[in-house]
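Trainee: Here you go, this is work30.csv (CSV, C-alpha atoms).
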chain,number,residue,atom,x,y,z
A,1,MET,CA,2.2,-6.1,2.9
A,2,GLY,CA,-0.5,-6.6,0.2
A,3,LYS,CA,-2.8,-3.8,-0.9
A,4,PHE,CA,-6.1,-3.1,0.8
A,5,ILE,CA,-8.8,-1.8,-1.6
A,6,THR,CA,-12.3,-1.0,-0.6
A,7,LEU,CA,-15.4,-0.3,-2.7
A,8,GLU,CA,-18.1,2.0,-1.5
A,9,GLY,CA,-21.4,3.5,-2.6
A,10,ILE,CA,-25.1,3.6,-2.0
A,11,GLU,CA,-27.5,0.9,-3.1
A,12,GLY,CA,-27.8,0.4,-6.9
A,13,VAL,CA,-24.6,2.0,-8.0
A,14,GLY,CA,-23.2,-1.3,-9.2
A,15,LYS,CA,-20.9,-2.4,-6.4
A,16,THR,CA,-21.4,-6.1,-7.0
A,17,SER,CA,-20.6,-6.2,-10.7
A,18,ASN,CA,-17.7,-3.7,-10.4
A,19,LEU,CA,-16.2,-5.7,-7.5
A,20,ARG,CA,-16.1,-8.7,-9.9
A,21,TYR,CA,-14.5,-6.5,-12.6
A,22,ILE,CA,-11.8,-5.1,-10.3
A,23,LYS,CA,-11.0,-8.7,-9.1
A,24,GLU,CA,-10.6,-9.9,-12.7
A,25,LEU,CA,-8.5,-6.8,-13.6
A,26,LEU,CA,-6.2,-7.3,-10.5
A,27,GLU,CA,-5.9,-11.1,-11.0
A,28,SER,CA,-5.0,-10.7,-14.7
A,29,SER,CA,-2.1,-8.5,-13.6
A,30,GLY,CA,-0.8,-11.0,-11.1
A,31,HIS,CA,-2.6,-10.0,-7.8
A,32,ASP,CA,-3.7,-12.8,-5.5
A,33,CYS,CA,-7.1,-11.5,-4.4
A,34,VAL,CA,-9.2,-12.1,-1.3
A,35,VAL,CA,-12.7,-10.7,-1.8
A,36,THR,CA,-14.7,-10.0,1.3
A,37,ARG,CA,-17.5,-7.7,2.6
A,38,GLU,CA,-18.7,-5.7,5.6
A,39,PRO,CA,-20.5,-6.0,7.8
A,40,GLY,CA,-19.6,-9.7,7.7
A,41,GLY,CA,-16.6,-11.6,6.3
A,42,THR,CA,-16.3,-13.9,9.3
A,43,ASN,CA,-18.8,-16.3,11.1
A,44,LEU,CA,-19.2,-13.8,14.0
A,45,GLY,CA,-19.3,-10.9,11.6
A,46,GLU,CA,-22.1,-12.5,9.5
A,47,ALA,CA,-24.1,-13.2,12.7
A,48,LEU,CA,-23.7,-9.5,13.7
A,49,ARG,CA,-24.7,-8.5,10.1
A,50,GLY,CA,-27.8,-10.5,10.6
A,51,LEU,CA,-28.7,-8.6,13.8
A,52,LEU,CA,-27.8,-5.2,12.2
A,53,LEU,CA,-29.8,-5.7,9.1
A,54,SER,CA,-32.8,-7.6,10.5
A,55,HIS,CA,-36.2,-6.0,10.3
A,56,SER,CA,-37.1,-6.9,13.9
A,57,ASP,CA,-35.2,-4.3,15.9
A,58,ASP,CA,-35.9,-1.1,14.0
A,59,ASN,CA,-35.1,1.2,16.9
A,60,MET,CA,-31.8,-0.2,17.9
A,61,SER,CA,-29.8,2.6,19.7
A,62,ALA,CA,-27.4,4.4,17.3
A,63,ASP,CA,-24.5,3.8,19.7
A,64,SER,CA,-25.2,0.1,19.7
A,65,GLU,CA,-25.3,-0.1,15.9
A,66,LEU,CA,-22.0,1.7,15.7
A,67,LEU,CA,-20.3,-0.6,18.3
A,68,MET,CA,-21.6,-3.7,16.5
A,69,MET,CA,-20.3,-2.5,13.2
A,70,PHE,CA,-16.8,-2.1,14.7
A,71,ALA,CA,-17.1,-5.4,16.6
A,72,ALA,CA,-17.7,-7.1,13.3
A,73,ARG,CA,-14.8,-5.1,11.8
A,74,ALA,CA,-12.4,-6.0,14.6
A,75,GLU,CA,-13.1,-9.7,14.0
A,76,HIS,CA,-12.8,-9.2,10.2
A,77,LEU,CA,-9.4,-7.4,10.6
A,78,SER,CA,-8.0,-10.0,12.9
A,79,LYS,CA,-9.3,-13.1,11.1
A,80,VAL,CA,-9.3,-12.2,7.4
A,81,ILE,CA,-7.9,-8.8,6.4
A,82,LEU,CA,-4.6,-8.6,8.3
A,83,PRO,CA,-3.6,-12.2,7.8
A,84,ALA,CA,-4.2,-11.8,4.0
A,85,LEU,CA,-2.3,-8.5,3.8
A,86,GLU,CA,0.6,-10.0,5.8
A,87,ASN,CA,0.5,-12.9,3.3
A,88,ASP,CA,1.1,-10.3,0.4
A,89,GLN,CA,-2.5,-10.8,-0.9
A,90,THR,CA,-4.6,-8.0,-2.2
A,91,VAL,CA,-7.8,-7.6,-0.1
A,92,LEU,CA,-10.8,-6.3,-2.0
A,93,CYS,CA,-13.6,-5.4,0.4
A,94,ASP,CA,-17.2,-4.5,-0.3
A,95,ARG,CA,-17.6,-1.6,2.1
A,96,PHE,CA,-15.4,-0.7,5.1
A,97,THR,CA,-15.1,2.2,7.6
A,98,GLU,CA,-16.0,4.8,5.0
A,99,ALA,CA,-19.4,3.3,4.9
A,100,THR,CA,-19.7,3.9,8.7
A,101,TYR,CA,-18.9,7.5,8.2
A,102,ALA,CA,-21.4,7.7,5.3
A,103,TYR,CA,-24.3,5.7,6.7
A,104,GLN,CA,-24.0,6.2,10.5
A,105,GLY,CA,-22.3,9.7,10.4
A,106,GLY,CA,-24.0,11.1,7.3
A,107,GLY,CA,-27.2,9.1,7.2
A,108,ARG,CA,-28.0,8.8,10.9
A,109,LEU,CA,-26.3,12.1,11.8
A,110,LEU,CA,-24.2,10.4,14.5
A,111,ASP,CA,-21.2,12.4,15.9
A,112,VAL,CA,-18.3,11.9,13.5
A,113,ASP,CA,-15.8,12.2,16.3
A,114,LYS,CA,-17.4,9.2,18.0
A,115,ILE,CA,-16.8,7.2,14.8
A,116,SER,CA,-13.2,8.4,14.4
A,117,GLU,CA,-12.6,7.4,18.1
A,118,LEU,CA,-13.7,3.8,17.3
A,119,GLU,CA,-11.8,3.8,14.0
A,120,GLU,CA,-8.7,4.6,15.9
A,121,TRP,CA,-9.5,2.1,18.7
A,122,VAL,CA,-10.1,-0.8,16.2
A,123,GLN,CA,-7.7,0.0,13.4
A,124,GLY,CA,-4.9,2.1,14.9
A,125,GLU,CA,-3.0,3.4,11.9
A,126,LEU,CA,-4.5,1.0,9.3
A,127,ARG,CA,-6.4,2.6,6.4
A,128,PRO,CA,-7.3,1.2,3.0
A,129,ASP,CA,-4.6,1.9,0.4
A,130,LEU,CA,-7.4,2.9,-2.0
A,131,THR,CA,-11.1,3.4,-1.5
A,132,ILE,CA,-13.2,3.7,-4.7
A,133,ILE,CA,-16.6,5.4,-4.2
A,134,LEU,CA,-19.1,4.6,-6.9
A,135,ASP,CA,-21.1,7.8,-7.0
A,136,ALA,CA,-24.5,8.4,-8.6
A,137,PRO,CA,-27.6,10.4,-7.8
A,138,VAL,CA,-29.9,8.7,-5.3
A,139,GLU,CA,-32.8,8.4,-7.8
A,140,ILE,CA,-30.6,6.4,-10.2
A,141,GLY,CA,-29.3,4.1,-7.4
A,142,ARG,CA,-32.8,3.5,-6.0
A,143,ALA,CA,-34.3,2.9,-9.4
A,144,ARG,CA,-31.7,0.3,-10.1
A,145,ALA,CA,-31.8,-1.3,-6.7
A,146,GLY,CA,-35.6,-1.2,-6.4
A,147,SER,CA,-36.3,-4.2,-8.6
A,148,ARG,CA,-34.3,-6.5,-6.3
A,149,SER,CA,-35.4,-8.4,-3.2
A,150,GLU,CA,-37.2,-7.1,-0.1
A,151,PRO,CA,-35.2,-4.1,1.3
A,152,ASP,CA,-33.3,-4.6,4.6
A,153,ARG,CA,-33.5,-2.4,7.7
A,154,ILE,CA,-31.1,0.2,6.3
A,155,GLU,CA,-32.4,0.1,2.7
A,156,LYS,CA,-35.8,1.0,4.0
A,157,GLU,CA,-34.7,4.5,4.9
A,158,GLN,CA,-36.0,7.5,3.0
A,159,ASP,CA,-34.4,9.5,0.1
A,160,ASP,CA,-33.2,12.3,2.4
A,161,PHE,CA,-31.2,9.7,4.4
A,162,PHE,CA,-29.5,8.4,1.2
A,163,GLN,CA,-28.9,12.0,0.0
A,164,ARG,CA,-26.9,12.6,3.3
A,165,VAL,CA,-25.1,9.3,2.8
A,166,ARG,CA,-24.1,10.3,-0.7
A,167,SER,CA,-22.9,13.8,0.4
A,168,ALA,CA,-20.9,12.2,3.2
A,169,TYR,CA,-19.1,9.9,0.7
A,170,ILE,CA,-18.4,12.9,-1.6
A,171,GLU,CA,-16.9,14.8,1.4
A,172,LEU,CA,-14.7,11.9,2.3
A,173,ALA,CA,-13.2,11.9,-1.2
A,174,ASP,CA,-12.6,15.6,-0.9
A,175,HIS,CA,-10.9,15.2,2.5
A,176,TYR,CA,-8.7,12.3,1.7
A,177,PRO,CA,-7.8,12.5,-2.0
A,178,HIS,CA,-4.5,10.6,-1.4
A,179,ARG,CA,-6.5,7.4,-0.6
A,180,ILE,CA,-10.1,7.9,-1.7
A,181,CYS,CA,-11.4,8.6,-5.2
A,182,LEU,CA,-14.9,9.1,-6.7
A,183,VAL,CA,-16.0,7.4,-9.8
A,184,ASP,CA,-19.1,8.6,-11.7
A,185,ALA,CA,-21.3,5.5,-11.6
A,186,SER,CA,-24.2,7.2,-13.4
A,187,LYS,CA,-22.5,6.5,-16.7
A,188,GLU,CA,-22.7,3.4,-18.9
A,189,PHE,CA,-21.1,0.2,-17.5
A,190,VAL,CA,-18.1,0.3,-19.8
A,191,ALA,CA,-17.4,4.0,-19.0
A,192,VAL,CA,-17.5,3.2,-15.3
A,193,GLN,CA,-15.0,0.3,-15.8
A,194,GLN,CA,-12.8,2.6,-17.8
A,195,GLN,CA,-12.7,5.2,-14.9
A,196,ILE,CA,-12.0,2.4,-12.3
A,197,GLN,CA,-9.1,1.1,-14.4
A,198,GLU,CA,-7.7,4.6,-14.6
A,199,GLN,CA,-7.9,5.1,-10.9
A,200,LEU,CA,-6.2,1.8,-10.1
A,201,VAL,CA,-3.3,3.0,-12.3
A,202,GLU,CA,-3.4,6.5,-10.8
A,203,TYR,CA,-3.2,5.1,-7.2
A,204,ASP,CA,-0.4,2.7,-8.1
A,205,ILE,CA,-2.4,-0.4,-7.6
A,206,LEU,CA,-2.0,-1.4,-11.3
A,207,ASN,CA,0.9,-0.5,-13.6
A,208,SER,CA,0.1,1.8,-16.5
B,1,MET,CA,-32.6,10.3,39.3
B,2,GLY,CA,-33.0,6.8,40.9
B,3,LYS,CA,-30.1,4.8,42.3
B,4,PHE,CA,-28.0,2.5,40.1
B,5,ILE,CA,-26.7,-0.5,42.0
B,6,THR,CA,-24.7,-3.3,40.4
B,7,LEU,CA,-23.7,-6.7,41.8
B,8,GLU,CA,-20.4,-8.3,40.7
B,9,GLY,CA,-18.4,-11.5,41.4
B,10,ILE,CA,-17.0,-14.6,39.9
B,11,GLU,CA,-19.2,-17.7,39.3
B,12,GLY,CA,-20.5,-19.4,42.4
B,13,VAL,CA,-20.2,-16.5,44.9
B,14,GLY,CA,-24.0,-16.3,45.3
B,15,LYS,CA,-25.0,-13.4,42.9
B,16,THR,CA,-28.4,-14.8,42.0
B,17,SER,CA,-29.7,-15.3,45.6
B,18,ASN,CA,-28.1,-12.1,46.9
B,19,LEU,CA,-29.7,-10.2,44.0
B,20,ARG,CA,-33.1,-11.4,45.2
B,21,TYR,CA,-32.2,-10.5,48.8
B,22,ILE,CA,-31.1,-7.0,47.9
B,23,LYS,CA,-34.3,-6.5,45.8
B,24,GLU,CA,-36.5,-7.5,48.7
B,25,LEU,CA,-34.6,-5.3,51.2
B,26,LEU,CA,-34.9,-2.3,48.9
B,27,GLU,CA,-38.5,-2.9,48.1
B,28,SER,CA,-39.4,-3.3,51.8
B,29,SER,CA,-38.0,0.2,52.3
B,30,GLY,CA,-39.9,1.7,49.5
B,31,HIS,CA,-37.7,1.5,46.4
B,32,ASP,CA,-39.3,0.7,43.1
B,33,CYS,CA,-36.8,-1.8,41.7
B,34,VAL,CA,-35.9,-2.7,38.1
B,35,VAL,CA,-33.8,-5.9,38.1
B,36,THR,CA,-31.7,-6.6,35.0
B,37,ARG,CA,-28.5,-8.2,33.9
B,38,GLU,CA,-25.5,-7.9,31.6
B,39,PRO,CA,-24.6,-8.8,29.0
B,40,GLY,CA,-28.3,-8.7,28.1
B,41,GLY,CA,-31.3,-6.9,29.5
B,42,THR,CA,-32.8,-6.1,26.0
B,43,ASN,CA,-33.7,-8.2,23.0
B,44,LEU,CA,-30.6,-7.1,21.1
B,45,GLY,CA,-28.5,-7.5,24.3
B,46,GLU,CA,-29.7,-11.0,24.8
B,47,ALA,CA,-28.9,-11.9,21.2
B,48,LEU,CA,-25.4,-10.5,21.7
B,49,ARG,CA,-25.1,-12.4,25.0
B,50,GLY,CA,-25.9,-15.5,23.0
B,51,LEU,CA,-23.1,-14.8,20.6
B,52,LEU,CA,-20.7,-13.9,23.4
B,53,LEU,CA,-21.3,-17.0,25.5
B,54,SER,CA,-21.8,-19.6,22.8
B,55,HIS,CA,-19.4,-22.4,22.5
B,56,SER,CA,-19.1,-22.2,18.8
B,57,ASP,CA,-16.7,-19.3,18.4
B,58,ASP,CA,-14.1,-20.0,21.0
B,59,ASN,CA,-11.4,-17.9,19.4
B,60,MET,CA,-13.4,-14.7,18.9
B,61,SER,CA,-11.0,-11.7,18.8
B,62,ALA,CA,-10.6,-10.0,22.1
B,63,ASP,CA,-11.3,-6.6,20.6
B,64,SER,CA,-14.5,-7.9,19.1
B,65,GLU,CA,-15.6,-9.4,22.4
B,66,LEU,CA,-15.1,-6.1,24.1
B,67,LEU,CA,-17.0,-4.1,21.5
B,68,MET,CA,-19.9,-6.5,21.6
B,69,MET,CA,-20.1,-6.2,25.4
B,70,PHE,CA,-20.3,-2.4,25.1
B,71,ALA,CA,-22.7,-2.6,22.2
B,72,ALA,CA,-25.0,-4.6,24.5
B,73,ARG,CA,-24.4,-2.1,27.2
B,74,ALA,CA,-25.2,0.9,25.0
B,75,GLU,CA,-28.6,-0.7,24.1
B,76,HIS,CA,-29.2,-1.6,27.8
B,77,LEU,CA,-28.5,2.0,29.0
B,78,SER,CA,-30.6,3.6,26.3
B,79,LYS,CA,-33.6,1.2,26.6
B,80,VAL,CA,-33.7,0.1,30.2
B,81,ILE,CA,-31.3,1.7,32.7
B,82,LEU,CA,-31.5,5.4,31.8
B,83,PRO,CA,-35.3,5.5,31.4
B,84,ALA,CA,-35.7,3.7,34.8
B,85,LEU,CA,-33.3,6.0,36.6
B,86,GLU,CA,-35.0,9.1,35.0
B,87,ASN,CA,-38.3,7.6,36.3
B,88,ASP,CA,-36.9,7.6,39.9
B,89,GLN,CA,-36.6,3.8,39.9
B,90,THR,CA,-33.8,1.9,41.5
B,91,VAL,CA,-31.9,-0.2,39.0
B,92,LEU,CA,-30.3,-3.4,40.3
B,93,CYS,CA,-28.1,-4.9,37.7
B,94,ASP,CA,-26.4,-8.3,37.7
B,95,ARG,CA,-22.9,-7.3,36.4
B,96,PHE,CA,-21.9,-4.1,34.6
B,97,THR,CA,-18.7,-2.4,33.4
B,98,GLU,CA,-16.7,-3.6,36.4
B,99,ALA,CA,-17.2,-7.1,35.0
B,100,THR,CA,-15.6,-6.0,31.8
B,101,TYR,CA,-12.6,-4.7,33.7
B,102,ALA,CA,-12.4,-7.9,35.7
B,103,TYR,CA,-13.1,-10.5,33.0
B,104,GLN,CA,-11.7,-8.8,29.9
B,105,GLY,CA,-9.1,-6.7,31.6
B,106,GLY,CA,-8.0,-9.0,34.4
B,107,GLY,CA,-9.0,-12.4,32.9
B,108,ARG,CA,-8.0,-11.9,29.3
B,109,LEU,CA,-5.3,-9.3,30.0
B,110,LEU,CA,-6.7,-6.8,27.6
B,111,ASP,CA,-5.4,-3.2,27.8
B,112,VAL,CA,-7.3,-1.5,30.6
B,113,ASP,CA,-7.0,1.9,28.8
B,114,LYS,CA,-8.9,0.4,25.8
B,115,ILE,CA,-11.7,-0.6,28.2
B,116,SER,CA,-11.8,2.8,29.9
B,117,GLU,CA,-12.0,4.5,26.4
B,118,LEU,CA,-15.1,2.5,25.6
B,119,GLU,CA,-16.5,3.1,29.1
B,120,GLU,CA,-16.2,6.8,28.4
B,121,TRP,CA,-17.5,6.5,24.9
B,122,VAL,CA,-20.6,4.6,26.0
B,123,GLN,CA,-21.3,5.9,29.4
B,124,GLY,CA,-19.9,9.4,29.5
B,125,GLU,CA,-20.0,10.4,33.2
B,126,LEU,CA,-22.4,7.7,34.3
B,127,ARG,CA,-21.2,5.3,36.9
B,128,PRO,CA,-23.2,3.0,39.3
B,129,ASP,CA,-24.0,4.7,42.6
B,130,LEU,CA,-22.9,1.5,44.3
B,131,THR,CA,-21.2,-1.7,43.1
B,132,ILE,CA,-21.2,-4.6,45.5
B,133,ILE,CA,-18.5,-7.2,44.7
B,134,LEU,CA,-19.1,-10.6,46.2
B,135,ASP,CA,-15.7,-11.9,46.9
B,136,ALA,CA,-14.6,-15.5,47.6
B,137,PRO,CA,-11.6,-17.6,46.8
B,138,VAL,CA,-11.8,-19.1,43.3
B,139,GLU,CA,-11.9,-22.7,44.7
B,140,ILE,CA,-15.0,-22.0,46.7
B,141,GLY,CA,-16.8,-20.3,43.8
B,142,ARG,CA,-15.9,-23.1,41.4
B,143,ALA,CA,-17.0,-25.8,43.8
B,144,ARG,CA,-20.4,-24.1,44.3
B,145,ALA,CA,-20.8,-23.4,40.6
B,146,GLY,CA,-19.5,-26.7,39.4
B,147,SER,CA,-22.6,-28.7,40.2
B,148,ARG,CA,-24.7,-26.6,37.8
B,149,SER,CA,-25.4,-26.9,34.1
B,150,GLU,CA,-22.8,-27.1,31.3
B,151,PRO,CA,-20.3,-24.2,31.5
B,152,ASP,CA,-20.5,-21.5,28.9
B,153,ARG,CA,-17.6,-20.2,26.8
B,154,ILE,CA,-16.3,-17.9,29.6
B,155,GLU,CA,-17.0,-20.4,32.5
B,156,LYS,CA,-14.8,-22.9,30.7
B,157,GLU,CA,-11.6,-20.8,31.4
B,158,GLN,CA,-9.0,-22.2,33.8
B,159,ASP,CA,-8.4,-21.3,37.5
B,160,ASP,CA,-5.6,-18.8,36.8
B,161,PHE,CA,-8.0,-16.9,34.6
B,162,PHE,CA,-10.5,-16.6,37.5
B,163,GLN,CA,-7.7,-15.8,39.9
B,164,ARG,CA,-6.9,-12.8,37.7
B,165,VAL,CA,-10.6,-11.9,37.5
B,166,ARG,CA,-10.9,-12.0,41.3
B,167,SER,CA,-7.7,-9.8,41.7
B,168,ALA,CA,-9.0,-7.3,39.3
B,169,TYR,CA,-12.3,-7.0,41.3
B,170,ILE,CA,-10.3,-6.5,44.5
B,171,GLU,CA,-8.2,-3.8,42.8
B,172,LEU,CA,-11.3,-2.0,41.6
B,173,ALA,CA,-12.7,-1.8,45.1
B,174,ASP,CA,-9.3,-0.5,46.3
B,175,HIS,CA,-9.3,2.2,43.6
B,176,TYR,CA,-12.9,3.4,43.9
B,177,PRO,CA,-13.9,3.0,47.5
B,178,HIS,CA,-16.4,5.8,47.2
B,179,ARG,CA,-18.6,3.7,44.9
B,180,ILE,CA,-17.4,0.1,45.1
B,181,CYS,CA,-17.3,-2.2,48.1
B,182,LEU,CA,-16.2,-5.8,48.7
B,183,VAL,CA,-18.3,-8.3,50.6
B,184,ASP,CA,-16.8,-11.5,52.0
B,185,ALA,CA,-18.9,-14.1,50.2
B,186,SER,CA,-17.1,-17.1,51.6
B,187,LYS,CA,-19.1,-16.8,54.8
B,188,GLU,CA,-22.5,-18.3,55.7
B,189,PHE,CA,-25.4,-16.9,53.7
B,190,VAL,CA,-26.8,-15.0,56.7
B,191,ALA,CA,-23.5,-13.3,57.4
B,192,VAL,CA,-23.2,-12.3,53.8
B,193,GLN,CA,-26.7,-10.8,53.9
B,194,GLN,CA,-25.7,-8.9,57.0
B,195,GLN,CA,-22.7,-7.4,55.3
B,196,ILE,CA,-24.7,-6.4,52.3
B,197,GLN,CA,-27.3,-4.7,54.4
B,198,GLU,CA,-24.5,-2.7,56.3
B,199,GLN,CA,-23.0,-1.6,53.0
B,200,LEU,CA,-26.3,-0.4,51.6
B,201,VAL,CA,-26.7,1.8,54.7
B,202,GLU,CA,-23.0,2.9,54.6
B,203,TYR,CA,-23.4,4.0,50.9
B,204,ASP,CA,-26.7,5.9,51.7
B,205,ILE,CA,-28.9,3.6,49.6
B,206,LEU,CA,-30.8,2.5,52.7
B,207,ASN,CA,-31.5,4.5,55.8
B,208,SER,CA,-29.9,3.2,59.0
Show this structure as structure tokens.
Mentor:
Amino acid sequence: MGKFITLEGIEGVGKTSNLRYIKELLESSGHDCVVTREPGGTNLGEALRGLLLSHSDDNMSADSELLMMFAARAEHLSKVILPALENDQTVLCDRFTEATYAYQGGGRLLDVDKISELEEWVQGELRPDLTIILDAPVEIGRARAGSRSEPDRIEKEQDDFFQRVRSAYIELADHYPHRICLVDASKEFVAVQQQIQEQLVEYDILNS
Amino acid sequence: MGKFITLEGIEGVGKTSNLRYIKELLESSGHDCVVTREPGGTNLGEALRGLLLSHSDDNMSADSELLMMFAARAEHLSKVILPALENDQTVLCDRFTEATYAYQGGGRLLDVDKISELEEWVQGELRPDLTIILDAPVEIGRARAGSRSEPDRIEKEQDDFFQRVRSAYIELADHYPHRICLVDASKEFVAVQQQIQEQLVEYDILNS
């Protein structure tokens, strides 16, 4: 089985450019990488992503949002992630279940037990081999993200929402240190890359 | 709380016309009826119905199909069904969770325990007060339904699929006789209506 690596963090912490960096790093040491994202990664998943992030249905029920996230995830696992891992490829995914704990659990204050029931239902025993959480104060993330395009339904939430998301991410890293690590993304780009490289070695994804 | 009544059955057993008949019968005895359907019944639910029944994604993963059904259901419960019941209205719904047991459990042979976990997750203790299953041999249903429009993704399944759906419906009625009844829909329209009326009295929805 290939390695399953996920990248997490609130808006503006540098996920996109660091995803590219990780991919190059892994490929230069011989990994055959599949880069994908959640919600999405399949035709059906992208259609569900469209419904989840569209501005039109602001008051979607929280349970429904959660079930749609996991519906997209089930399709993603069955069509993209599992076939790649079984083919010895390294899967690098922009957000995964930890984002559900952070955004729906932390941000929307949904019952964490309800999330873990669905995690178990959809994933069984499967967890990422390594989850890298890019962590930075909400103000820094928002300032960096602010200059981009029109915010989507989730990005339109207020600062206290993103504070809760950030805290939930930090808690996850505390709880599962054997598979989740925190990287200080408030630093300069090169310093962030340095930390990422060290963690990939630390968690046995890259050789030292 | 108002009464929650659901109508079930394979294609061609006469759900649409009998739904209209039940509505008239209930209204003439003073019920304030809300008529709705699954999957659907809300904006989000109808969008999910579109994805579920579209021809384009024939090989959607079974888990994803199931989660989307329940995502639509969670929205339907929160936006339509529960508010109506709390408002003392009678909700009359064209298909509900019993259809998931019949189509996904019986038809697609999905693990019934996985369905009941989601039922519990989404509905808690809530079950319909009465589910009327219109039962007829598959050949009769298909012959009646066949003359209609282009079949959707699920209607395109083969006869053995619908045989399993029908058997699953019959089993549900056997298992939960206190809230699910079977009506012989192979009979003439008036005889079917007669049975439906008797069941509505039997299950204390209508006075005798």
Trainee: May I have the residues of chain B within 6 Å of chain A, counting all atoms listed in the file, written as a list in words?
Mentor: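 Those within range of chain A come out as Ser61, Ser64, Leu67, Met68, Ala71, Ala74 and Glu75 of chain B.
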Trainee: What gap, in Å, lies between atom CA of A:Leu109 and atom CA of B:Pro128?
Mentor: 29.1 Å
Trainee: Select, counting only C-alpha atoms, all protein, DNA and RNA residues no farther than 10 Å from (-22.9, -17.4, 52.0) in file coordinates, and express the selection as a PDB file with C-alpha atoms, keeping the file's coordinate frame.
Mentor:
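Written file, part-v4.pdb:
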ATOM      1  CA  VAL B  13     -20.200 -16.500  44.900  1.00  0.00           C
ATOM      2  CA  GLY B  14     -24.000 -16.300  45.300  1.00  0.00           C
ATOM      3  CA  SER B  17     -29.700 -15.300  45.600  1.00  0.00           C
ATOM      4  CA  ASN B  18     -28.100 -12.100  46.900  1.00  0.00           C
ATOM      5  CA  LEU B 134     -19.100 -10.600  46.200  1.00  0.00           C
ATOM      6  CA  ALA B 136     -14.600 -15.500  47.600  1.00  0.00           C
ATOM      7  CA  ASP B 184     -16.800 -11.500  52.000  1.00  0.00           C
ATOM      8  CA  ALA B 185     -18.900 -14.100  50.200  1.00  0.00           C
ATOM      9  CA  SER B 186     -17.100 -17.100  51.600  1.00  0.00           C
ATOM     10  CA  LYS B 187     -19.100 -16.800  54.800  1.00  0.00           C
ATOM     11  CA  GLU B 188     -22.500 -18.300  55.700  1.00  0.00           C
ATOM     12  CA  PHE B 189     -25.400 -16.900  53.700  1.00  0.00           C
ATOM     13  CA  VAL B 190     -26.800 -15.000  56.700  1.00  0.00           C
ATOM     14  CA  ALA B 191     -23.500 -13.300  57.400  1.00  0.00           C
ATOM     15  CA  VAL B 192     -23.200 -12.300  53.800  1.00  0.00           C
ATOM     16  CA  GLN B 193     -26.700 -10.800  53.900  1.00  0.00           C
TER      17      GLN B 193
END
Trainee: Mind pulling up the distance from atom CA of B:Asp204 to atom CA of B:Phe96?
Mentor: 20.4 Å
Trainee: Take atom CA of B:Thr42 and atom CA of B:Leu82 and report the distance between them in Å, one decimal.
Mentor: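 Distance between the two atoms: 12.9 Å.
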Trainee: I'd like to know which of A:Glu125, A:Ala145, A:Leu26, A:Arg108 is closest to A:Asp160, using only C-alpha atoms.
Mentor: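 Using only C-alpha atoms, A:Asp160 sits closest to A:Arg108.
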Trainee: Counting all atoms listed in the file, which residues sit no farther than 8 Å from the position (-5.6, 6.3, -5.6) in the file's frame? I'd like them as JSON, numbers by chain.
Mentor: {"A": [129, 130, 131, 177, 178, 179, 180, 181, 199, 200, 201, 202, 203, 204, 205]}
Trainee: Need to verify the contact set: A:Asp113, 12 Å, all atoms listed in the file, exclusion of same-chain residues closer than 5 positions in sequence. Can you return it as a PDB file with C-alpha atoms, keeping the file's coordinate frame?
Mentor:
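File written: result.pdb
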ATOM      1  CA  THR A 100     -19.700   3.900   8.700  1.00  0.00           C
ATOM      2  CA  TYR A 101     -18.900   7.500   8.200  1.00  0.00           C
ATOM      3  CA  GLN A 104     -24.000   6.200  10.500  1.00  0.00           C
ATOM      4  CA  GLY A 105     -22.300   9.700  10.400  1.00  0.00           C
ATOM      5  CA  LEU A 118     -13.700   3.800  17.300  1.00  0.00           C
ATOM      6  CA  GLU A 119     -11.800   3.800  14.000  1.00  0.00           C
ATOM      7  CA  GLU A 120      -8.700   4.600  15.900  1.00  0.00           C
TER       8      GLU A 120
ATOM      9  CA  TRP B 121     -17.500   6.500  24.900  1.00  0.00           C
TER      10      TRP B 121
END
Trainee: Of the candidates B:Ile5, B:Ala173, B:Val91, B:Leu25, which one gets nearest to B:Gln197 if we count all atoms listed in the file?
Mentor: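 Of the candidates, the smallest distance to B:Gln197 is held by B:Leu25.
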Trainee: Residues within 7 Å of A:Ile132, please, as a count of residues only. Count all atoms listed in the file; anything in the same chain fewer than 5 positions from it doesn't count.
Mentor: 7
Trainee: At a cut-off of 6 Å, using all atoms listed in the file, what residues contact stretch 32-36 of chain B? Leave out same-chain residues fewer than 5 positions from it and give the result as JSON, numbers by chain.
Mentor: {"B": [41, 89, 90, 91, 92, 93]}
Trainee: Considering only C-alpha atoms, return as a VMD selection string whatever protein or nucleic-acid residues lie within 8 Å of A:Gly12, sequence-local ones (same chain, fewer than 6 positions apart) excluded.
Mentor: chain A and resid 140 to 146
Trainee: For a quick check of understanding, using all atoms listed in the file, which of A:Phe162, A:Phe4, A:Tyr169, A:Tyr176 has the smallest distance to A:Leu85?
Mentor: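 Nearest to A:Leu85: A:Phe4.
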Trainee: Give the answer as one residue: which of A:Lys3, A:Glu198, A:Glu27, A:Glu11 has the shortest atom-to-atom distance to A:Arg127, using only C-alpha atoms?
Mentor: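 Among A:Lys3, A:Glu198, A:Glu27, A:Glu11, it is A:Lys3 that comes nearest to A:Arg127.
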